[in-house]
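Asks: I am sharing work-v6.txt, which consists of compact mmCIF, C-alpha atoms and all ligand atoms:
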```txt
# COMPACT_ATOMS: atom_id res chain seq x y z
CA MET A 1089 93.04 199.50 73.35
CA LYS A 1090 90.15 199.49 70.88
CA ILE A 1091 89.81 202.67 68.82
CA ILE A 1092 87.30 204.00 66.32
CA VAL A 1093 88.93 206.14 63.63
CA THR A 1094 86.51 208.31 61.65
CA GLY A 1095 87.55 209.18 58.09
CA GLY A 1096 90.06 206.32 58.07
CA ALA A 1097 89.76 205.88 54.29
CA GLY A 1098 90.97 209.42 53.60
CA PHE A 1099 94.50 210.75 53.28
CA ILE A 1100 95.55 211.32 56.92
CA GLY A 1101 93.08 208.87 58.50
CA SER A 1102 94.34 205.97 56.34
CA CYS A 1103 97.93 206.82 57.28
CA PHE A 1104 96.88 206.75 60.95
CA VAL A 1105 95.12 203.36 60.52
CA ARG A 1106 98.14 201.83 58.74
CA MET A 1107 100.52 203.17 61.40
CA ALA A 1108 98.27 202.20 64.33
CA LEU A 1109 98.31 198.56 63.16
CA ARG A 1110 101.98 198.55 62.15
CA GLU A 1111 103.25 200.25 65.34
CA ARG A 1112 100.70 198.44 67.56
CA TRP A 1113 99.25 201.68 68.92
CA ALA A 1114 95.93 199.82 69.25
CA GLU A 1115 94.78 196.20 69.48
CA HIS A 1116 91.64 196.84 67.42
CA VAL A 1117 90.96 199.56 64.87
CA ILE A 1118 87.47 200.23 63.54
CA ASN A 1119 87.33 202.56 60.57
CA LEU A 1120 84.05 204.54 60.40
CA ASP A 1121 83.88 206.18 56.99
CA LYS A 1122 81.11 207.19 54.58
CA LEU A 1123 83.42 206.80 51.56
CA THR A 1124 82.85 210.16 49.92
CA TYR A 1125 84.86 211.08 46.80
CA ALA A 1126 87.85 211.47 49.19
CA GLY A 1127 87.50 208.09 50.91
CA ASN A 1128 89.22 205.28 49.07
CA PRO A 1129 89.45 201.64 50.24
CA ASP A 1130 92.59 201.30 48.05
CA ASN A 1131 94.37 203.47 50.64
CA LEU A 1132 94.09 200.55 53.08
CA ARG A 1133 94.99 197.71 50.76
CA ALA A 1134 98.36 197.29 52.52
CA ILE A 1135 96.52 196.09 55.64
CA GLY A 1136 95.34 192.95 53.88
CA GLU A 1137 93.26 190.55 55.98
CA ASP A 1138 94.41 191.81 59.40
CA ALA A 1139 91.95 190.51 62.01
CA ARG A 1140 92.58 193.58 64.17
CA TYR A 1141 90.91 195.83 61.55
CA ARG A 1142 87.24 196.32 60.70
CA PHE A 1143 85.48 198.74 58.34
CA ALA A 1144 82.02 200.28 58.93
CA GLN A 1145 80.54 202.37 56.12
CA ILE A 1146 78.62 205.01 58.08
CA ASP A 1147 77.91 208.73 57.69
CA ILE A 1148 79.01 210.58 60.86
CA CYS A 1149 75.80 212.63 60.57
CA ASP A 1150 73.68 209.47 60.97
CA SER A 1151 73.18 209.53 64.75
CA GLU A 1152 71.39 206.16 64.89
CA ALA A 1153 74.07 204.28 62.99
CA VAL A 1154 76.87 206.01 64.92
CA GLY A 1155 75.11 205.26 68.24
CA ARG A 1156 74.63 201.57 67.31
CA LEU A 1157 78.32 201.21 66.42
CA PHE A 1158 79.55 202.89 69.62
CA GLU A 1159 77.21 200.75 71.72
CA ALA A 1160 78.17 197.51 69.99
CA GLU A 1161 81.92 198.12 70.05
CA SER A 1162 82.44 200.01 73.35
CA PRO A 1163 85.67 201.58 72.06
CA ASP A 1164 88.26 203.07 74.41
CA ALA A 1165 88.84 206.08 72.17
CA ILE A 1166 87.58 207.96 69.11
CA ILE A 1167 90.07 209.62 66.75
CA HIS A 1168 87.97 211.96 64.64
CA PHE A 1169 89.39 212.74 61.17
CA ALA A 1170 86.24 212.56 59.00
CA ALA A 1171 85.60 215.89 57.29
CA GLU A 1172 85.04 217.69 54.03
CA SER A 1173 88.64 218.89 53.97
CA HIS A 1174 89.13 221.12 50.93
CA VAL A 1175 88.92 224.93 51.01
CA ASP A 1176 88.12 225.34 47.29
CA ARG A 1177 85.27 222.82 47.44
CA SER A 1178 83.94 224.62 50.55
CA ILE A 1179 83.85 227.84 48.51
CA HIS A 1180 82.00 226.24 45.58
CA SER A 1181 79.66 224.19 47.76
CA PRO A 1182 79.59 224.97 51.50
CA ALA A 1183 76.51 222.93 52.55
CA PRO A 1184 78.13 219.46 52.87
CA VAL A 1185 81.10 221.08 54.65
CA ILE A 1186 78.95 222.55 57.40
CA GLN A 1187 76.86 219.38 57.59
CA THR A 1188 79.78 216.96 58.00
CA ASN A 1189 82.30 219.14 59.84
CA PHE A 1190 79.96 220.75 62.34
CA ASN A 1191 76.82 218.59 62.59
CA GLY A 1192 78.79 215.36 62.09
CA THR A 1193 81.16 216.29 64.91
CA PHE A 1194 78.15 217.05 67.10
CA THR A 1195 76.71 213.58 66.36
CA LEU A 1196 79.99 211.90 67.35
CA LEU A 1197 80.37 213.97 70.55
CA GLU A 1198 76.82 213.11 71.59
CA ALA A 1199 77.36 209.39 70.92
CA ALA A 1200 80.65 209.55 72.87
CA ARG A 1201 78.94 211.27 75.79
CA ARG A 1202 76.02 208.83 75.89
CA ASN A 1203 78.28 205.79 75.65
CA ARG A 1204 80.81 207.17 78.16
CA ILE A 1205 83.76 206.88 75.77
CA ALA A 1206 86.96 207.40 77.77
CA ARG A 1207 88.90 209.47 75.20
CA PHE A 1208 88.10 211.66 72.15
CA VAL A 1209 90.74 213.29 69.92
CA HIS A 1210 89.28 215.87 67.54
CA VAL A 1211 91.61 216.46 64.56
CA SER A 1212 91.58 220.08 63.40
CA THR A 1213 93.66 222.60 61.49
CA ASP A 1214 95.80 225.72 61.91
CA GLU A 1215 93.46 227.38 59.37
CA VAL A 1216 91.12 228.24 62.25
CA TYR A 1217 93.59 231.01 63.23
CA GLY A 1218 93.20 232.66 59.81
CA SER A 1219 95.89 234.67 58.05
CA ILE A 1220 98.73 235.75 60.35
CA GLU A 1221 100.94 238.80 59.85
CA PRO A 1222 104.70 238.17 60.05
CA PRO A 1223 106.55 237.81 62.38
CA HIS A 1224 103.70 236.47 64.54
CA GLU A 1225 102.85 232.79 64.91
CA ALA A 1226 99.80 231.26 66.53
CA ASP A 1227 99.97 229.45 69.82
CA GLU A 1228 96.89 227.62 71.10
CA ASN A 1229 95.45 230.80 72.68
CA PHE A 1230 95.57 232.79 69.44
CA PRO A 1231 92.15 234.22 68.39
CA LEU A 1232 90.09 232.19 65.91
CA ARG A 1233 89.66 234.15 62.65
CA ALA A 1234 88.52 231.61 60.10
CA SER A 1235 88.22 232.90 56.52
CA SER A 1236 86.60 230.11 54.46
CA PRO A 1237 83.50 227.98 55.05
CA TYR A 1238 85.94 225.09 55.61
CA SER A 1239 87.99 226.80 58.31
CA ALA A 1240 84.87 228.29 59.93
CA SER A 1241 83.28 224.84 60.13
CA LYS A 1242 86.44 223.47 61.74
CA ALA A 1243 86.65 226.39 64.22
CA GLY A 1244 83.00 225.79 65.16
CA SER A 1245 83.59 222.07 65.64
CA ASP A 1246 86.69 222.76 67.77
CA LEU A 1247 84.64 224.95 70.11
CA LEU A 1248 81.85 222.38 70.25
CA ALA A 1249 84.34 219.62 71.11
CA LEU A 1250 85.90 221.73 73.87
CA SER A 1251 82.46 222.57 75.25
CA TYR A 1252 81.87 218.82 75.77
CA TYR A 1253 84.83 218.83 78.15
CA THR A 1254 83.77 221.99 79.97
CA THR A 1255 80.13 220.98 80.29
CA TYR A 1256 80.08 217.17 80.39
CA LYS A 1257 83.72 216.37 81.31
CA LEU A 1258 84.07 214.27 78.13
CA ASN A 1259 87.83 213.64 77.83
CA VAL A 1260 88.39 215.63 74.60
CA SER A 1261 91.65 217.02 73.20
CA VAL A 1262 91.86 219.03 69.97
CA THR A 1263 94.83 218.97 67.57
CA ARG A 1264 95.45 221.78 65.05
CA ALA A 1265 97.88 220.77 62.33
CA SER A 1266 99.44 222.70 59.48
CA ASN A 1267 99.31 221.64 55.79
CA ASN A 1268 99.97 217.92 55.40
CA TYR A 1269 101.55 216.22 52.42
CA GLY A 1270 102.61 212.66 51.56
CA PRO A 1271 101.40 209.51 49.75
CA TYR A 1272 97.67 208.90 49.11
CA GLN A 1273 96.67 212.59 49.21
CA PHE A 1274 93.77 213.39 46.90
CA PRO A 1275 95.14 215.47 43.97
CA GLU A 1276 92.91 218.48 44.70
CA LYS A 1277 95.40 219.88 47.27
CA LEU A 1278 98.50 221.85 46.27
CA ILE A 1279 101.31 219.27 46.48
CA PRO A 1280 99.61 216.17 44.97
CA LEU A 1281 97.89 218.28 42.30
CA MET A 1282 101.19 219.86 41.23
CA ILE A 1283 103.09 216.55 41.31
CA SER A 1284 100.47 214.64 39.32
CA ASN A 1285 100.03 217.47 36.79
CA ALA A 1286 103.82 217.81 36.39
CA LEU A 1287 104.21 214.06 35.82
CA GLU A 1288 101.53 214.34 33.08
CA ASP A 1289 103.09 217.54 31.58
CA LYS A 1290 99.93 219.50 32.43
CA PRO A 1291 99.85 223.18 33.55
CA LEU A 1292 100.49 223.90 37.25
CA PRO A 1293 97.82 226.44 38.30
CA VAL A 1294 99.32 228.87 40.87
CA TYR A 1295 96.73 231.11 42.53
CA GLY A 1296 97.50 234.85 42.46
CA ASP A 1297 101.15 235.82 43.01
CA GLY A 1298 102.07 232.45 44.59
CA GLN A 1299 103.62 234.19 47.61
CA GLN A 1300 101.10 232.76 50.10
CA ILE A 1301 102.90 230.95 52.90
CA ARG A 1302 102.05 227.55 54.37
CA ASP A 1303 103.83 225.40 56.98
CA TRP A 1304 104.39 221.85 55.64
CA LEU A 1305 104.03 218.73 57.78
CA TYR A 1306 104.75 215.18 56.57
CA VAL A 1307 101.66 213.04 57.13
CA GLU A 1308 103.43 210.37 59.22
CA ASP A 1309 104.77 213.07 61.56
CA HIS A 1310 101.19 214.31 61.96
CA CYS A 1311 99.93 210.81 62.80
CA ARG A 1312 102.66 210.34 65.42
CA ALA A 1313 101.61 213.67 66.94
CA ILE A 1314 97.99 212.51 67.17
CA GLN A 1315 99.12 209.30 68.84
CA SER A 1316 101.15 211.38 71.35
CA VAL A 1317 98.06 213.47 72.12
CA LEU A 1318 95.91 210.35 72.43
CA GLU A 1319 98.36 208.96 75.00
CA LYS A 1320 99.60 212.03 76.82
CA GLY A 1321 97.38 214.99 75.90
CA ARG A 1322 95.37 216.63 78.65
CA PRO A 1323 91.56 216.81 78.48
CA GLY A 1324 90.08 220.12 77.38
CA GLU A 1325 93.40 221.17 75.78
CA VAL A 1326 94.35 222.20 72.26
CA TYR A 1327 97.67 221.15 70.68
CA ASN A 1328 99.18 222.76 67.57
CA VAL A 1329 101.09 220.42 65.24
CA GLY A 1330 103.46 222.10 62.78
CA GLY A 1331 106.27 220.90 60.55
CA ASN A 1332 108.57 223.85 61.33
CA ARG A 1333 108.86 224.47 57.58
CA SER A 1334 107.25 227.60 56.12
CA LEU A 1335 107.46 228.10 52.36
CA PRO A 1336 105.76 230.32 49.74
CA ASN A 1337 103.61 228.28 47.34
CA LEU A 1338 105.71 229.23 44.32
CA GLU A 1339 108.82 227.81 45.96
CA VAL A 1340 106.99 224.55 46.69
CA VAL A 1341 105.94 224.35 43.02
CA GLU A 1342 109.49 225.08 41.83
CA ARG A 1343 110.85 222.31 44.05
CA ILE A 1344 108.28 219.92 42.57
CA LEU A 1345 109.42 220.86 39.06
CA GLN A 1346 113.04 220.16 40.05
CA ALA A 1347 112.12 216.82 41.65
CA THR A 1348 110.12 215.70 38.61
CA GLY A 1349 112.62 217.12 36.07
CA LYS A 1350 109.95 219.26 34.38
CA PRO A 1351 110.29 222.82 32.96
CA GLU A 1352 109.23 226.07 34.72
CA SER A 1353 107.07 226.80 31.65
CA LEU A 1354 104.42 224.47 33.12
CA ILE A 1355 103.67 227.10 35.80
CA THR A 1356 100.42 228.94 34.97
CA ARG A 1357 99.23 231.93 37.00
CA VAL A 1358 95.47 231.79 37.57
CA THR A 1359 92.93 233.99 39.36
CA ASP A 1360 93.34 233.98 43.11
CA ARG A 1361 91.06 232.11 45.53
CA PRO A 1362 88.43 234.40 47.13
CA GLY A 1363 89.28 235.18 50.77
CA HIS A 1364 92.70 233.54 50.31
CA ASP A 1365 94.69 233.47 53.57
CA ARG A 1366 98.10 234.98 52.96
CA ARG A 1367 100.11 233.26 55.64
CA TYR A 1368 99.68 230.47 58.19
CA ALA A 1369 102.22 230.19 61.00
CA LEU A 1370 102.08 228.29 64.26
CA THR A 1371 104.23 227.11 67.13
CA ASN A 1372 104.06 223.55 68.39
CA ALA A 1373 106.10 224.28 71.55
CA LYS A 1374 103.25 223.09 73.81
CA LEU A 1375 103.01 219.67 72.14
CA THR A 1376 106.79 219.19 72.29
CA ARG A 1377 106.95 220.31 75.93
CA GLU A 1378 104.10 218.06 77.08
CA THR A 1379 104.63 214.93 74.97
CA GLY A 1380 108.19 215.10 73.58
CA TRP A 1381 106.86 214.93 69.97
CA GLU A 1382 108.85 216.66 67.21
CA PRO A 1383 108.58 216.44 63.41
CA LYS A 1384 111.18 213.95 62.09
CA VAL A 1385 110.88 214.13 58.30
CA SER A 1386 112.50 217.12 56.58
CA PHE A 1387 110.62 218.79 53.71
CA GLU A 1388 113.37 217.67 51.29
CA GLN A 1389 113.05 214.00 52.34
CA GLY A 1390 109.26 214.10 52.51
CA LEU A 1391 108.83 215.75 49.11
CA LEU A 1392 111.14 213.26 47.37
CA ALA A 1393 109.31 210.33 49.00
CA THR A 1394 105.99 211.84 47.90
CA VAL A 1395 107.11 212.45 44.30
CA ASP A 1396 108.41 208.84 44.16
CA TRP A 1397 105.10 207.54 45.47
CA TYR A 1398 103.05 209.43 42.84
CA ARG A 1399 105.47 208.33 40.11
CA ASN A 1400 105.09 204.67 41.18
CA ASN A 1401 101.33 204.77 41.78
CA HIS A 1402 100.09 206.15 38.51
CA SER A 1403 97.08 203.80 38.47
CA TRP A 1404 95.92 205.08 41.91
CA VAL A 1405 96.09 208.64 40.56
CA GLN A 1406 94.26 207.70 37.36
CA ARG A 1407 91.47 206.00 39.32
CA VAL A 1408 90.86 208.92 41.69
CA LYS A 1409 91.13 211.44 38.85
CA SER A 1410 88.27 209.85 36.94
CA GLY A 1411 84.57 210.50 37.43
CA GLU A 1412 83.67 213.11 40.04
CA TYR A 1413 87.16 214.63 40.08
CA ARG A 1414 86.90 215.75 36.47
CA ARG A 1415 83.72 217.69 37.24
CA PHE A 1416 85.39 219.47 40.18
CA TYR A 1417 88.56 220.16 38.16
CA GLU A 1418 86.53 221.79 35.40
CA LEU A 1419 84.54 223.85 37.91
CA ASN A 1420 87.57 224.98 39.88
CA TYR A 1421 90.16 225.60 37.17
CA ALA A 1422 88.29 226.15 33.90
CA ASN A 1423 86.67 229.30 35.27
CA ARG A 1424 89.94 230.80 36.53
CA SER A 1425 91.34 233.14 33.91
CA GLU A 1426 95.12 233.46 33.61
P1 LIG A 1501 90.36 213.67 53.23
O1 LIG A 1501 89.44 214.58 52.51
O2 LIG A 1501 91.48 213.03 52.51
O3 LIG A 1501 89.51 212.46 53.89
C1 LIG A 1501 88.32 212.68 54.57
C2 LIG A 1501 87.72 211.32 54.91
O4 LIG A 1501 86.50 211.55 55.66
C3 LIG A 1501 87.34 210.49 53.69
O5 LIG A 1501 87.70 209.15 53.88
C4 LIG A 1501 85.83 210.63 53.62
O6 LIG A 1501 85.17 209.52 53.01
C5 LIG A 1501 85.47 210.77 55.09
N1 LIG A 1501 84.19 211.48 55.29
C6 LIG A 1501 83.82 212.69 54.76
N2 LIG A 1501 82.58 212.99 55.15
C7 LIG A 1501 82.16 211.97 55.94
C8 LIG A 1501 80.95 211.71 56.65
N3 LIG A 1501 79.92 212.56 56.60
N4 LIG A 1501 80.86 210.58 57.38
C9 LIG A 1501 81.90 209.70 57.43
N5 LIG A 1501 83.06 209.89 56.76
C10 LIG A 1501 83.18 211.01 56.03
O7 LIG A 1501 90.86 214.51 54.48
P2 LIG A 1501 92.31 214.57 55.17
O8 LIG A 1501 93.17 215.50 54.41
O9 LIG A 1501 92.76 213.18 55.44
O10 LIG A 1501 91.93 215.30 56.54
C11 LIG A 1501 91.56 214.56 57.69
C12 LIG A 1501 91.30 215.51 58.84
O11 LIG A 1501 92.47 216.27 59.12
C13 LIG A 1501 90.19 216.53 58.57
O12 LIG A 1501 89.43 216.69 59.75
C14 LIG A 1501 90.93 217.81 58.25
O13 LIG A 1501 90.17 218.95 58.59
C15 LIG A 1501 92.16 217.66 59.12
N6 LIG A 1501 93.37 218.35 58.63
C16 LIG A 1501 93.80 218.15 57.35
C17 LIG A 1501 94.97 218.79 56.92
C18 LIG A 1501 95.52 218.59 55.53
O14 LIG A 1501 96.49 219.24 55.16
N7 LIG A 1501 94.97 217.68 54.73
C19 LIG A 1501 95.67 219.64 57.79
C20 LIG A 1501 95.19 219.81 59.10
C21 LIG A 1501 94.04 219.15 59.51
P1 LIG A 1502 95.54 223.67 49.60
O1 LIG A 1502 96.40 222.48 49.34
O2 LIG A 1502 94.19 223.72 48.99
O3 LIG A 1502 95.50 223.84 51.18
P2 LIG A 1502 94.93 225.06 52.08
O4 LIG A 1502 94.14 225.99 51.23
O5 LIG A 1502 94.08 224.31 53.04
O6 LIG A 1502 96.14 225.69 52.69
O7 LIG A 1502 96.34 224.96 49.13
C1 LIG A 1502 97.62 225.27 49.65
C2 LIG A 1502 98.04 226.59 49.05
O8 LIG A 1502 98.23 226.42 47.63
C3 LIG A 1502 97.00 227.68 49.18
O9 LIG A 1502 97.67 228.92 49.40
C4 LIG A 1502 96.29 227.69 47.84
C5 LIG A 1502 97.39 227.30 46.87
N1 LIG A 1502 96.95 226.56 45.67
C6 LIG A 1502 97.32 226.99 44.40
O10 LIG A 1502 98.04 228.00 44.24
N2 LIG A 1502 96.89 226.29 43.31
C7 LIG A 1502 96.11 225.17 43.43
O11 LIG A 1502 95.73 224.57 42.40
C8 LIG A 1502 95.76 224.73 44.74
C9 LIG A 1502 94.90 223.50 44.93
C10 LIG A 1502 96.20 225.44 45.84
```
What does this structure look like when you write it as structure tokens?
Ligand code: NAD
Ligand code: TYD
Replies:
Amino acid sequence: MKIIVTGGAGFIGSCFVRMALRERWAEHVINLDKLTYAGNPDNLRAIGEDARYRFAQIDICDSEAVGRLFEAESPDAIIHFAAESHVDRSIHSPAPVIQTNFNGTFTLLEAARRNRIARFVHVSTDEVYGSIEPPHEADENFPLRASSPYSASKAGSDLLALSYYTTYKLNVSVTRASNNYGPYQFPEKLIPLMISNALEDKPLPVYGDGQQIRDWLYVEDHCRAIQSVLEKGRPGEVYNVGGNRSLPNLEVVERILQATGKPESLITRVTDRPGHDRRYALTNAKLTRETGWEPKVSFEQGLLATVDWYRNNHSWVQRVKSGEYRRFYELNYANRSE
């Protein structure tokens, strides 16, 4: 099988590319990535000179370049990760989020339709369901109630992807995963930000009361789920992917302090995020029933592996934290009063 992975230089996409080559999920992997601030060729250094891998620096919104690549390569499947993936950035600057997440997905769906691509997996998020009151949890038929420009752009792109099945019979499946964590995650998201700040003895900025709840999924478990959907998922269907591990943010931060051996005094309460979703919760019963997939890595194991990785990859963190990151960090945290 020859696959095109979009966003394969990002956090989850690069994990999928590394695993696809290692586990021989595909014979050829083409990574289509624009290399935004979040795309980092260093994430793929482990691949070395593997002849089964090729990189194409392309913006998914560039319909001509995308069309040329699809025509030239005739891939069997597209796994679509590329996105502007951060809620806080989408609040400060929504335009690129709508452009990439909605219009970029449209460009890819059109190219897939025109080139009769046999399979399309659209990678999405449980954030499209919005904040969920306990004790409820979202199944795939739960209403879409996106709160941020990020989650709204993903909800829109999910519907667009599904419409390509209904209207054109393009073989599309949509996955909706909970919060991922693991090595190579850009330190703008909760877990890598808190680990890298703790390791540098910097304040850990907790939004509001820190009692917001997220379900945590180890990135390799997510990639195995996507592979299961690629192989066994039904066209026109949505599959939730959760880690079966719900925790309040403050507890996650406290566990990071324990794992790094740093004091609680590093925790700093800062002004809450506007429109902050209180609780995400989902069931992945459908995915397990139809494909046999289950998360394998416990939060305890996954967090220790992640802390170890950040401890041992200080130069990766330093490189991504330079330049553009500093500007965003100032914008996002300097204006939040305690
Ligand atoms: P990321 O921000 O780490 O990486 C995004 C990648 O997409 C980068 O390599 C970037 O260069 C590329 N990209 C961005 N805009 C592009 C464009 N216009 N053209 C081509 N490439 C472009 O993101 P991630 O955390 O790896 O998320 C990957 C996907 O998984 C996203 O679709 C996201 O919505 C979804 N998702 C993420 C999480 C999570 O917790 N991180 C959870 C559920 C779903
Ligand atoms: P994040 O990693 O941005 O993922 P998402 O908003 O997509 O769930 O944030 C996870 C949770 O952590 C969310 O409730 C916001 C909170 N948070 C903080 O308290 N402080 C921070 O510095 C960040 C980045 C997030």
Asks: Write out, as CSV, each residue of chain A that has an atom at most 7 Å from ligand LIG 1501 (chain A), together with the closest pair of atoms and their distance in Å to one decimal, counting only C-alpha atoms and all ligand atoms, rows going by chain and rising number.
Replies:
```
residue,atom,partner,partner_atom,distance
A:Thr1094,CA,A:LIG1501,N5,6.2
A:Gly1095,CA,A:LIG1501,O4,3.6
A:Gly1096,CA,A:LIG1501,O5,5.6
A:Ala1097,CA,A:LIG1501,O5,3.9
A:Gly1098,CA,A:LIG1501,O5,3.3
A:Phe1099,CA,A:LIG1501,O9,3.7
A:Ile1100,CA,A:LIG1501,O9,3.7
A:Gly1101,CA,A:LIG1501,O9,5.3
A:Leu1120,CA,A:LIG1501,C9,6.3
A:Asp1121,CA,A:LIG1501,N5,3.8
A:Lys1122,CA,A:LIG1501,C9,3.9
A:Leu1123,CA,A:LIG1501,O6,3.5
A:Thr1124,CA,A:LIG1501,O6,3.9
A:Tyr1125,CA,A:LIG1501,O6,6.4
A:Ala1126,CA,A:LIG1501,C3,4.6
A:Gly1127,CA,A:LIG1501,O5,3.2
A:Asn1128,CA,A:LIG1501,O5,6.4
A:Ile1146,CA,A:LIG1501,C9,5.8
A:Asp1147,CA,A:LIG1501,N4,3.5
A:Ile1148,CA,A:LIG1501,N4,3.9
A:Cys1149,CA,A:LIG1501,N3,5.7
A:His1168,CA,A:LIG1501,O12,7.0
A:Phe1169,CA,A:LIG1501,C12,4.1
A:Ala1170,CA,A:LIG1501,O4,3.5
A:Ala1171,CA,A:LIG1501,C6,4.5
A:Glu1172,CA,A:LIG1501,C6,5.2
A:Ser1173,CA,A:LIG1501,O1,4.6
A:His1174,CA,A:LIG1501,O1,6.7
A:Thr1188,CA,A:LIG1501,N3,4.6
A:Gly1192,CA,A:LIG1501,N3,6.3
A:Val1211,CA,A:LIG1501,O12,5.3
A:Ser1212,CA,A:LIG1501,C21,4.7
A:Thr1213,CA,A:LIG1501,C20,4.0
A:Asp1214,CA,A:LIG1501,C20,6.6
A:Lys1242,CA,A:LIG1501,O13,6.7
A:Arg1264,CA,A:LIG1501,C20,6.3
A:Ala1265,CA,A:LIG1501,C20,4.3
A:Ser1266,CA,A:LIG1501,C19,5.1
A:Asn1267,CA,A:LIG1501,O14,3.8
A:Asn1268,CA,A:LIG1501,O14,3.7
A:Tyr1269,CA,A:LIG1501,O14,6.5
A:Gln1273,CA,A:LIG1501,O2,6.2
A:Phe1274,CA,A:LIG1501,O2,6.1
```
Asks: Go through A:Leu1287, A:Glu1276, A:Glu1308, A:Glu1228 and flag the residue nearest Arg1414 of chain A, using all atoms listed in the file for the distances.
Replies: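 Answer, going by the shortest atom-to-atom distance: A:Glu1276.
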Asks: I'd like the interatomic distance between atom CA of Glu1215 of chain A and atom CA of Val1408 of chain A, to a tenth of an Å.
Replies: 25.7 Å
Asks: Just the number, please: distance in Å from atom O8 of ligand LIG 1502 (chain A) to atom CA of Ser1261 of chain A, one decimal.
Replies: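 Value for the atom O8 of ligand LIG 1502 (chain A)-atom CA of Ser1261 of chain A distance: 28.0 Å.
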Asks: Kindly give the distance, in Å, that separates atom CA of Asn1337 of chain A and atom CA of Asp1303 of chain A, rounded to a single decimal.
Replies: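 Spanning atom CA of Asn1337 of chain A to atom CA of Asp1303 of chain A is a straight-line distance of 10.1 Å.
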Asks: All residues within 7 Å of ligand LIG 1502 (chain A) are required, counting all atoms listed in the file; please report them as a PDB file with C-alpha atoms, keeping the file's coordinate frame.
Replies:
```pdb
ATOM      1  CA  HIS A1174      89.130 221.120  50.930  1.00  0.00           C
ATOM      2  CA  VAL A1175      88.920 224.930  51.010  1.00  0.00           C
ATOM      3  CA  ASP A1176      88.120 225.340  47.290  1.00  0.00           C
ATOM      4  CA  ASN A1267      99.310 221.640  55.790  1.00  0.00           C
ATOM      5  CA  GLU A1276      92.910 218.480  44.700  1.00  0.00           C
ATOM      6  CA  LYS A1277      95.400 219.880  47.270  1.00  0.00           C
ATOM      7  CA  LEU A1278      98.500 221.850  46.270  1.00  0.00           C
ATOM      8  CA  ILE A1279     101.310 219.270  46.480  1.00  0.00           C
ATOM      9  CA  LEU A1281      97.890 218.280  42.300  1.00  0.00           C
ATOM     10  CA  PRO A1293      97.820 226.440  38.300  1.00  0.00           C
ATOM     11  CA  VAL A1294      99.320 228.870  40.870  1.00  0.00           C
ATOM     12  CA  TYR A1295      96.730 231.110  42.530  1.00  0.00           C
ATOM     13  CA  GLY A1298     102.070 232.450  44.590  1.00  0.00           C
ATOM     14  CA  GLN A1300     101.100 232.760  50.100  1.00  0.00           C
ATOM     15  CA  ILE A1301     102.900 230.950  52.900  1.00  0.00           C
ATOM     16  CA  ARG A1302     102.050 227.550  54.370  1.00  0.00           C
ATOM     17  CA  ASN A1337     103.610 228.280  47.340  1.00  0.00           C
ATOM     18  CA  HIS A1364      92.700 233.540  50.310  1.00  0.00           C
ATOM     19  CA  ASP A1365      94.690 233.470  53.570  1.00  0.00           C
TER      20      ASP A1365
END
```
Asks: Out of A:Lys1409, A:Lys1320, A:Arg1201, A:Arg1333, which residue has the shortest atom-to-atom distance to Leu1370 of chain A when counting only C-alpha atoms?
Replies: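 Closest to Leu1370 of chain A of all the choices is A:Arg1333.
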Asks: Could you tell me which of A:Val1117, A:Ala1422, A:Leu1375, A:Ile1205 comes closest to Val1093 of chain A if we count only C-alpha atoms?
Replies: A:Val1117
Asks: Write out as a list of chain:residue names which residues come within 9 Å of Glu1352 of chain A when counting only C-alpha atoms, dropping same-chain ones fewer than 6 positions away.
Replies: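 Near neighbours after the sequence-gap exclusion: A:Glu1342, A:Leu1345, A:Gln1346.
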Asks: Determine, counting all atoms listed in the file, which protein, DNA and RNA residues have an atom within 9 Å of an atom of Lys1257 of chain A; residues of the same chain fewer than 6 positions away are not included. Present the result as a CSV table (one decimal) with C-alpha atoms, keeping the file's coordinate frame.
Replies:
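Now in selection-v6.csv:
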```
chain,number,residue,atom,x,y,z
A,1201,ARG,CA,78.9,211.3,75.8
A,1251,SER,CA,82.5,222.6,75.2
A,1323,PRO,CA,91.6,216.8,78.5
A,1324,GLY,CA,90.1,220.1,77.4
```
Asks: Do a neighbour search on Gly1321 of chain A at 12 Å with only C-alpha atoms, toss out local chain neighbours closer than 5 positions, and write the hits as a list in words.
Replies: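 Answer for this query is Arg1207, Phe1208, Val1209, His1210, Asn1259, Val1260, Ser1261, Val1262, Thr1263, Ala1313, Ile1314, Gln1315, Ser1316, Val1326, Tyr1327, Asn1328, Lys1374, Leu1375, Thr1376, Arg1377, Glu1378, Thr1379, Gly1380 and Trp1381 of chain A.
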Asks: At a cut-off of 10 Å, using all atoms listed in the file, what residues contact Thr1359 of chain A? Leave out same-chain residues fewer than 6 positions from it and give the result as a PyMOL selection string.
Replies: chain A and resi 1293-1297+1421+1423-1426
Asks: Which residue gives the smallest distance to Ala1393 of chain A among A:Thr1193, A:Thr1348, A:Arg1202, A:Arg1415, with all atoms listed in the file counted?
Replies: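 Answer, going by the shortest atom-to-atom distance: A:Thr1348.
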Asks: Can you pull out the residues contacting Leu1392 of chain A? Cut-off 12 Å, using all atoms listed in the file, and skip same-chain residues under 2 positions away; I want them as a list in words.
Replies: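 So the residues in contact are Tyr1269, Gly1270, Pro1271, Ile1279, Ile1283, Tyr1306, Arg1343, Ile1344, Leu1345, Gln1346, Ala1347, Thr1348, Val1385, Ser1386, Phe1387, Glu1388, Gln1389, Gly1390, Thr1394, Val1395, Asp1396, Trp1397, Tyr1398 and Arg1399 of chain A.
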Asks: Would you please work out which residue, of A:Leu1292, A:Leu1157, A:Val1307, A:Leu1258, is nearest to Val1358 of chain A when using all atoms listed in the file?
Replies: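 Looking at the shortest contact to Val1358 of chain A, the residue is A:Leu1292.
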